[in-house]
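As provided, target.txt (compact mmCIF, C-alpha atoms) reads as follows.
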# COMPACT_ATOMS: atom_id res chain seq x y z
CA MET A 2 93.03 6.01 26.77
CA SER A 3 90.55 6.73 23.98
CA LEU A 4 87.36 8.70 24.67
CA ARG A 5 85.21 5.73 23.58
CA LEU A 6 86.98 3.38 26.02
CA ALA A 7 86.61 5.90 28.85
CA ARG A 8 82.86 6.14 28.20
CA CYS A 9 82.53 2.34 28.28
CA ILE A 10 84.33 2.18 31.63
CA VAL A 11 82.03 4.86 33.09
CA LEU A 12 78.89 3.06 31.83
CA PHE A 13 80.10 -0.24 33.26
CA ALA A 14 80.75 1.37 36.65
CA LEU A 15 77.24 2.86 36.66
CA LEU A 16 75.70 -0.54 35.91
CA VAL A 17 77.59 -2.12 38.79
CA VAL A 18 76.27 0.54 41.18
CA VAL A 19 72.66 0.25 39.97
CA LEU A 20 72.50 -3.55 39.85
CA GLY A 21 74.27 -3.89 43.15
CA SER A 22 71.91 -1.57 45.02
CA PRO A 23 69.77 -3.28 47.68
CA VAL A 24 66.08 -3.71 46.86
CA GLN A 25 65.10 -2.50 50.34
CA GLY A 26 65.13 1.05 49.04
CA TRP A 27 61.46 0.77 48.04
CA ASP A 28 60.37 0.58 51.69
CA LYS A 29 63.18 2.14 53.65
CA GLY A 30 63.29 1.19 57.31
CA LEU A 31 60.33 -1.20 57.09
CA LEU A 32 62.07 -4.56 56.98
CA SER A 33 63.98 -3.86 60.17
CA ASN A 34 60.66 -3.67 62.02
CA ILE A 35 59.34 -7.05 60.87
CA PRO A 36 59.40 -9.69 63.65
CA VAL A 37 61.61 -12.40 62.20
CA MET A 38 61.26 -15.92 63.61
CA PRO A 39 64.03 -18.47 63.15
CA ALA A 40 63.28 -21.13 60.55
CA ALA A 41 62.26 -24.51 61.92
CA ASN A 42 64.76 -27.35 61.99
CA ILE A 43 64.27 -29.24 58.71
CA GLU A 44 65.10 -32.72 60.08
CA ALA A 45 63.26 -32.64 63.42
CA PRO A 46 61.15 -29.50 63.66
CA ALA A 47 59.46 -28.60 66.94
CA SER A 48 57.31 -26.04 65.16
CA PHE A 49 56.61 -24.52 61.76
CA THR A 50 55.46 -21.14 60.47
CA VAL A 51 52.82 -20.39 57.86
CA MET A 52 52.49 -17.10 55.99
CA SER A 53 49.42 -16.10 53.98
CA PHE A 54 49.80 -13.22 51.54
CA ASN A 55 47.61 -11.78 48.79
CA MET A 56 50.44 -10.39 46.67
CA HIS A 57 48.22 -8.50 44.17
CA HIS A 58 50.24 -9.92 41.22
CA GLY A 59 53.29 -8.13 42.59
CA GLU A 60 51.82 -4.65 42.21
CA GLY A 61 52.46 -2.36 45.17
CA MET A 62 50.54 0.64 46.43
CA ASP A 63 53.06 2.70 44.50
CA GLY A 64 51.82 1.19 41.22
CA LYS A 65 55.03 -0.73 40.57
CA VAL A 66 55.04 -4.43 39.66
CA ASP A 67 58.24 -5.99 40.99
CA ILE A 68 58.57 -9.69 41.79
CA ILE A 69 62.09 -9.20 43.19
CA ARG A 70 60.92 -7.02 46.06
CA ILE A 71 58.08 -9.48 46.76
CA ALA A 72 60.71 -12.21 47.07
CA ASP A 73 62.73 -10.02 49.43
CA LEU A 74 59.67 -9.45 51.64
CA LEU A 75 58.88 -13.17 51.76
CA ARG A 76 62.51 -14.06 52.46
CA HIS A 77 62.65 -11.68 55.41
CA GLY A 78 59.46 -13.18 56.86
CA ASN A 79 61.34 -16.51 57.00
CA ALA A 80 58.17 -18.64 56.98
CA ASP A 81 58.40 -22.38 56.40
CA ILE A 82 55.24 -22.44 54.28
CA ILE A 83 53.92 -19.51 52.21
CA ALA A 84 50.37 -19.42 50.84
CA LEU A 85 50.05 -16.84 48.07
CA GLN A 86 46.95 -15.45 46.40
CA GLU A 87 46.58 -13.35 43.21
CA VAL A 88 49.61 -14.87 41.51
CA ASP A 89 50.12 -14.34 37.75
CA ARG A 90 51.63 -16.70 35.21
CA TYR A 91 52.65 -15.29 31.81
CA ARG A 92 50.36 -12.24 31.93
CA LEU A 93 51.08 -8.91 30.25
CA ARG A 94 50.52 -6.81 33.36
CA SER A 95 53.26 -8.68 35.22
CA GLY A 96 55.76 -8.96 32.38
CA PHE A 97 54.81 -12.42 31.07
CA VAL A 98 56.73 -14.15 33.88
CA ASP A 99 55.72 -17.22 35.85
CA GLN A 100 55.58 -15.49 39.22
CA ALA A 101 55.15 -18.73 41.19
CA ARG A 102 58.19 -20.29 39.55
CA GLU A 103 60.26 -17.11 39.91
CA LEU A 104 59.53 -16.90 43.65
CA SER A 105 60.21 -20.61 44.12
CA GLU A 106 63.61 -20.29 42.48
CA MET A 107 64.58 -17.06 44.23
CA LEU A 108 63.64 -18.45 47.65
CA GLY A 109 64.83 -22.01 47.06
CA MET A 110 61.46 -23.51 48.02
CA HIS A 111 59.19 -26.25 46.66
CA MET A 112 56.13 -24.91 44.79
CA VAL A 113 52.68 -25.88 43.54
CA TYR A 114 50.17 -23.68 41.70
CA SER A 115 46.40 -23.62 41.15
CA PRO A 116 44.88 -21.51 38.36
CA SER A 117 41.59 -19.84 39.24
CA LEU A 118 41.34 -18.14 35.85
CA THR A 119 42.92 -19.25 32.57
CA TYR A 120 43.14 -16.75 29.70
CA LYS A 121 44.18 -17.13 26.07
CA VAL A 122 47.56 -16.02 27.34
CA GLY A 123 48.40 -16.67 30.97
CA GLN A 124 46.78 -17.66 34.23
CA TYR A 125 45.79 -16.09 37.54
CA GLY A 126 45.51 -18.00 40.79
CA MET A 127 47.34 -19.17 43.88
CA ALA A 128 50.63 -20.74 44.80
CA LEU A 129 52.03 -22.51 47.81
CA LEU A 130 55.75 -22.47 48.61
CA SER A 131 57.36 -24.77 51.16
CA ARG A 132 60.85 -25.37 52.48
CA TYR A 133 59.64 -28.92 53.27
CA PRO A 134 58.78 -31.52 50.59
CA ILE A 135 55.27 -31.27 49.12
CA ILE A 136 54.31 -34.95 48.90
CA ASP A 137 50.81 -34.47 47.47
CA SER A 138 48.81 -31.64 45.92
CA SER A 139 45.52 -31.02 44.13
CA TRP A 140 43.21 -28.13 43.38
CA ALA A 141 39.54 -27.57 42.70
CA LEU A 142 37.49 -24.73 41.28
CA LEU A 143 34.90 -23.32 43.67
CA PRO A 144 31.28 -22.44 42.87
CA GLY A 145 30.21 -18.81 42.44
CA ASN A 146 28.48 -16.39 40.11
CA LEU A 147 31.23 -13.78 39.82
CA GLU A 148 34.96 -14.32 39.26
CA THR A 149 36.08 -17.96 39.42
CA ARG A 150 37.91 -18.97 42.61
CA SER A 151 39.79 -22.12 43.62
CA LEU A 152 41.12 -24.13 46.55
CA LEU A 153 44.73 -25.38 46.50
CA MET A 154 45.31 -28.42 48.73
CA THR A 155 48.68 -29.87 49.70
CA THR A 156 50.24 -32.42 52.01
CA ILE A 157 53.64 -31.38 53.28
CA GLN A 158 56.11 -33.68 55.00
CA ILE A 159 57.34 -31.75 58.05
CA GLY A 160 59.87 -33.93 59.79
CA SER A 161 58.15 -37.26 60.39
CA GLU A 162 54.61 -35.86 60.19
CA PRO A 163 52.47 -35.10 57.12
CA VAL A 164 50.62 -31.79 57.48
CA HIS A 165 47.73 -30.74 55.24
CA VAL A 166 47.89 -27.09 54.14
CA ALA A 167 45.26 -25.48 51.93
CA THR A 168 44.88 -21.96 50.62
CA THR A 169 42.03 -20.10 48.98
CA HIS A 170 40.81 -16.70 47.84
CA LEU A 171 37.06 -16.26 48.26
CA GLY A 172 34.70 -14.20 46.11
CA LEU A 173 33.39 -10.67 46.51
CA SER A 174 29.72 -11.46 47.15
CA GLU A 175 28.27 -12.96 50.32
CA GLU A 176 26.40 -15.62 48.34
CA ASP A 177 29.55 -16.68 46.49
CA ARG A 178 31.46 -16.91 49.76
CA ARG A 179 28.72 -19.03 51.32
CA LEU A 180 28.81 -21.47 48.41
CA GLN A 181 32.61 -21.52 48.40
CA LEU A 182 32.97 -22.14 52.14
CA THR A 183 30.45 -24.96 51.95
CA ARG A 184 32.41 -26.56 49.12
CA ILE A 185 35.71 -26.09 50.97
CA SER A 186 34.23 -27.91 53.98
CA GLU A 187 33.29 -30.81 51.68
CA LEU A 188 36.70 -30.95 50.01
CA LEU A 189 38.62 -30.94 53.30
CA ALA A 190 36.24 -33.07 55.38
CA ASP A 191 38.25 -36.29 54.96
CA LYS A 192 41.63 -34.81 55.86
CA GLN A 193 43.11 -36.65 58.83
CA GLY A 194 45.74 -35.15 61.12
CA PRO A 195 47.13 -31.60 61.19
CA LEU A 196 45.29 -29.18 58.91
CA VAL A 197 45.97 -25.49 58.20
CA VAL A 198 43.77 -23.37 55.92
CA ALA A 199 45.03 -19.90 55.04
CA GLY A 200 44.07 -17.22 52.58
CA ASP A 201 42.13 -14.14 51.61
CA PHE A 202 38.52 -14.69 52.74
CA ASN A 203 37.34 -11.23 51.68
CA MET A 204 35.28 -10.61 54.83
CA GLU A 205 35.67 -9.79 58.47
CA GLU A 206 35.19 -12.61 60.95
CA GLU A 207 31.66 -11.77 62.11
CA ALA A 208 30.48 -11.90 58.49
CA PHE A 209 31.40 -15.56 57.85
CA PRO A 210 28.22 -17.23 56.52
CA VAL A 211 29.71 -20.70 57.10
CA LYS A 212 32.00 -21.13 60.09
CA MET A 213 35.33 -22.88 59.74
CA ASN A 214 34.78 -24.80 62.99
CA ARG A 215 32.70 -27.23 60.93
CA LEU A 216 36.12 -28.53 59.98
CA SER A 217 37.30 -28.46 63.60
CA LEU A 218 39.44 -25.44 62.75
CA ILE A 219 39.97 -22.41 64.90
CA ASP A 220 41.07 -18.94 63.89
CA VAL A 221 44.56 -17.93 64.94
CA PRO A 222 43.86 -14.48 66.40
CA LEU A 223 45.88 -11.46 65.43
CA SER A 224 48.10 -9.90 68.04
CA LYS A 225 46.39 -6.99 69.79
CA VAL A 226 49.21 -4.68 68.73
CA THR A 227 49.19 -5.69 65.09
CA GLN A 228 47.37 -3.95 62.27
CA GLY A 229 44.60 -5.36 60.10
CA THR A 230 45.43 -7.40 57.04
CA PHE A 231 44.12 -5.01 54.37
CA SER A 232 45.27 -1.52 53.45
CA GLY A 233 41.93 -0.10 54.61
CA GLY A 234 42.48 -1.48 58.11
CA GLN A 235 40.07 -4.44 57.88
CA ARG A 236 40.96 -7.99 58.76
CA ILE A 237 40.03 -10.19 55.79
CA ASP A 238 43.02 -12.58 55.61
CA TYR A 239 43.15 -15.53 58.02
CA VAL A 240 45.03 -18.61 59.14
CA PHE A 241 42.82 -21.40 60.53
CA ALA A 242 44.16 -24.64 62.02
CA ASN A 243 43.51 -27.65 64.21
CA VAL A 244 47.10 -27.42 65.40
CA LYS A 245 48.07 -25.51 68.53
CA ASN A 246 49.65 -22.16 67.73
CA SER A 247 52.40 -20.59 69.80
CA GLY A 248 50.62 -17.30 70.43
CA SER A 249 48.96 -14.78 68.17
CA ALA A 250 49.49 -14.29 64.47
CA TRP A 251 51.07 -11.07 63.28
CA THR A 252 51.01 -8.99 60.13
CA VAL A 253 53.79 -7.36 58.14
CA PRO A 254 52.80 -3.80 57.15
CA THR A 255 54.01 -3.11 53.63
CA ILE A 256 53.28 -1.05 50.53
CA LEU A 257 54.08 -3.97 48.22
CA SER A 258 50.44 -5.08 47.96
CA ASP A 259 47.02 -3.88 49.10
CA HIS A 260 47.17 -6.72 51.66
CA PHE A 261 49.64 -7.42 54.46
CA PRO A 262 51.26 -10.84 54.97
CA VAL A 263 49.90 -12.76 57.97
CA ILE A 264 52.23 -15.15 59.82
CA ALA A 265 51.46 -17.77 62.48
CA ARG A 266 53.68 -20.36 64.19
CA PHE A 267 52.42 -23.85 65.06
CA ILE A 268 53.72 -26.45 67.50
CA MET A 269 54.34 -29.93 66.11
CA GLY A 270 52.53 -32.93 67.60
CA THR A 271 49.62 -30.94 69.05
CA THR A 272 45.93 -30.63 68.29
CA ALA A 273 43.97 -27.54 69.25
CA ARG A 274 40.67 -27.88 71.10
CA VAL A 275 37.66 -26.62 69.16

Could I get this structure in the form of structure tokens?
Amino acid sequence: MSLRLARCIVLFALLVVVLGSPVQGWDKGLLSNIPVMPAANIEAPASFTVMSFNMHHGEGMDGKVDIIRIADLLRHGNADIIALQEVDRYRLRSGFVDQARELSEMLGMHMVYSPSLTYKVGQYGMALLSRYPIIDSSWALLPGNLETRSLLMTTIQIGSEPVHVATTHLGLSEEDRRLQLTRISELLADKQGPLVVAGDFNMEEEAFPVKMNRLSLIDVPLSKVTQGTFSGGQRIDYVFANVKNSGSAWTVPTILSDHFPVIARFIMGTTARV
């Protein structure tokens, strides 16, 4: 065997080892501690799960931008519907990839996207992924004086019932959040039937200038044993609904963003009392 051929064989073997290594290595031991719920039955679901996650354009607390490990985290959470905030499309900082499309393809889920900011090259906004068909979707920019924000609205066919799911990412100032919540209430006021609103609201619950119960929505409380939703320990990410939930929501501690995913399970055919 020639020396050149031997070197090629060694290089090929090294590539197999590297490419075949599991992506869990970035957060060793963490995924095994995530409470995994079984996915709902697609044809006749008795319940469904919603995850909300500010993914920070795929950049972790370790400074690495890696959409593959984000997909692995979402896959392990096994949610039926995933509301994502801070999602890049074709931006330099995230490698010019369409992150929403990449995640949709890796997870085998339906996808819609709403751009909050559009640049000369690329966009920045929110995405919603669903294992159930998305039968309608729209988005609207929200008022505010600082960075532009948006509301992504969808109708998802879950079994025989259409469920409205919306996601948003509110601004950094109290005045912007007040204007944005008021506008969200107007945009969602005519929604009939089950409604879930999830996202990064950028404030703790007592600071809400406009309460979500104007929409007959109640906050799904976090489990008493769970952590906050932000790396600093605060709770600023929420899931609101007029559908009965099967207990508390829970978070997934991770270093893959400065936020933690929040997951809640809802029972089909029920309406929560407000």

Exercise for review: Would you kindly return, as a list in words, each protein, DNA or RNA residue with an atom no farther than 6 Å from any atom of range 178-182 of chain A, considering all atoms listed in the file and excluding same-chain residues fewer than 2 positions away?
Suggested key: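 Neighbouring residues, sequence-local ones excluded: Leu143, Pro144, Leu171, Gly172, Glu175, Glu176, Arg184, Ile185 and Pro210 of chain A.
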
Check your understanding: Which one of A:Gly248, A:Gly59, A:Gly64, A:Gly200 sits closest to Val88 in chain A if you count only C-alpha atoms?
Key ->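 For Val88 in chain A, the nearest of the given residues is A:Gly59.
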
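The residue that comes closest to Gly233 in chain A, out of A:Asp220, A:Asp73, A:Asp191, A:Asp259 and on the basis of only C-alpha atoms, is A:Asp259.
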
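CA of Tyr133 in chain A is found 14.7 Å from CA of Phe267 in chain A.
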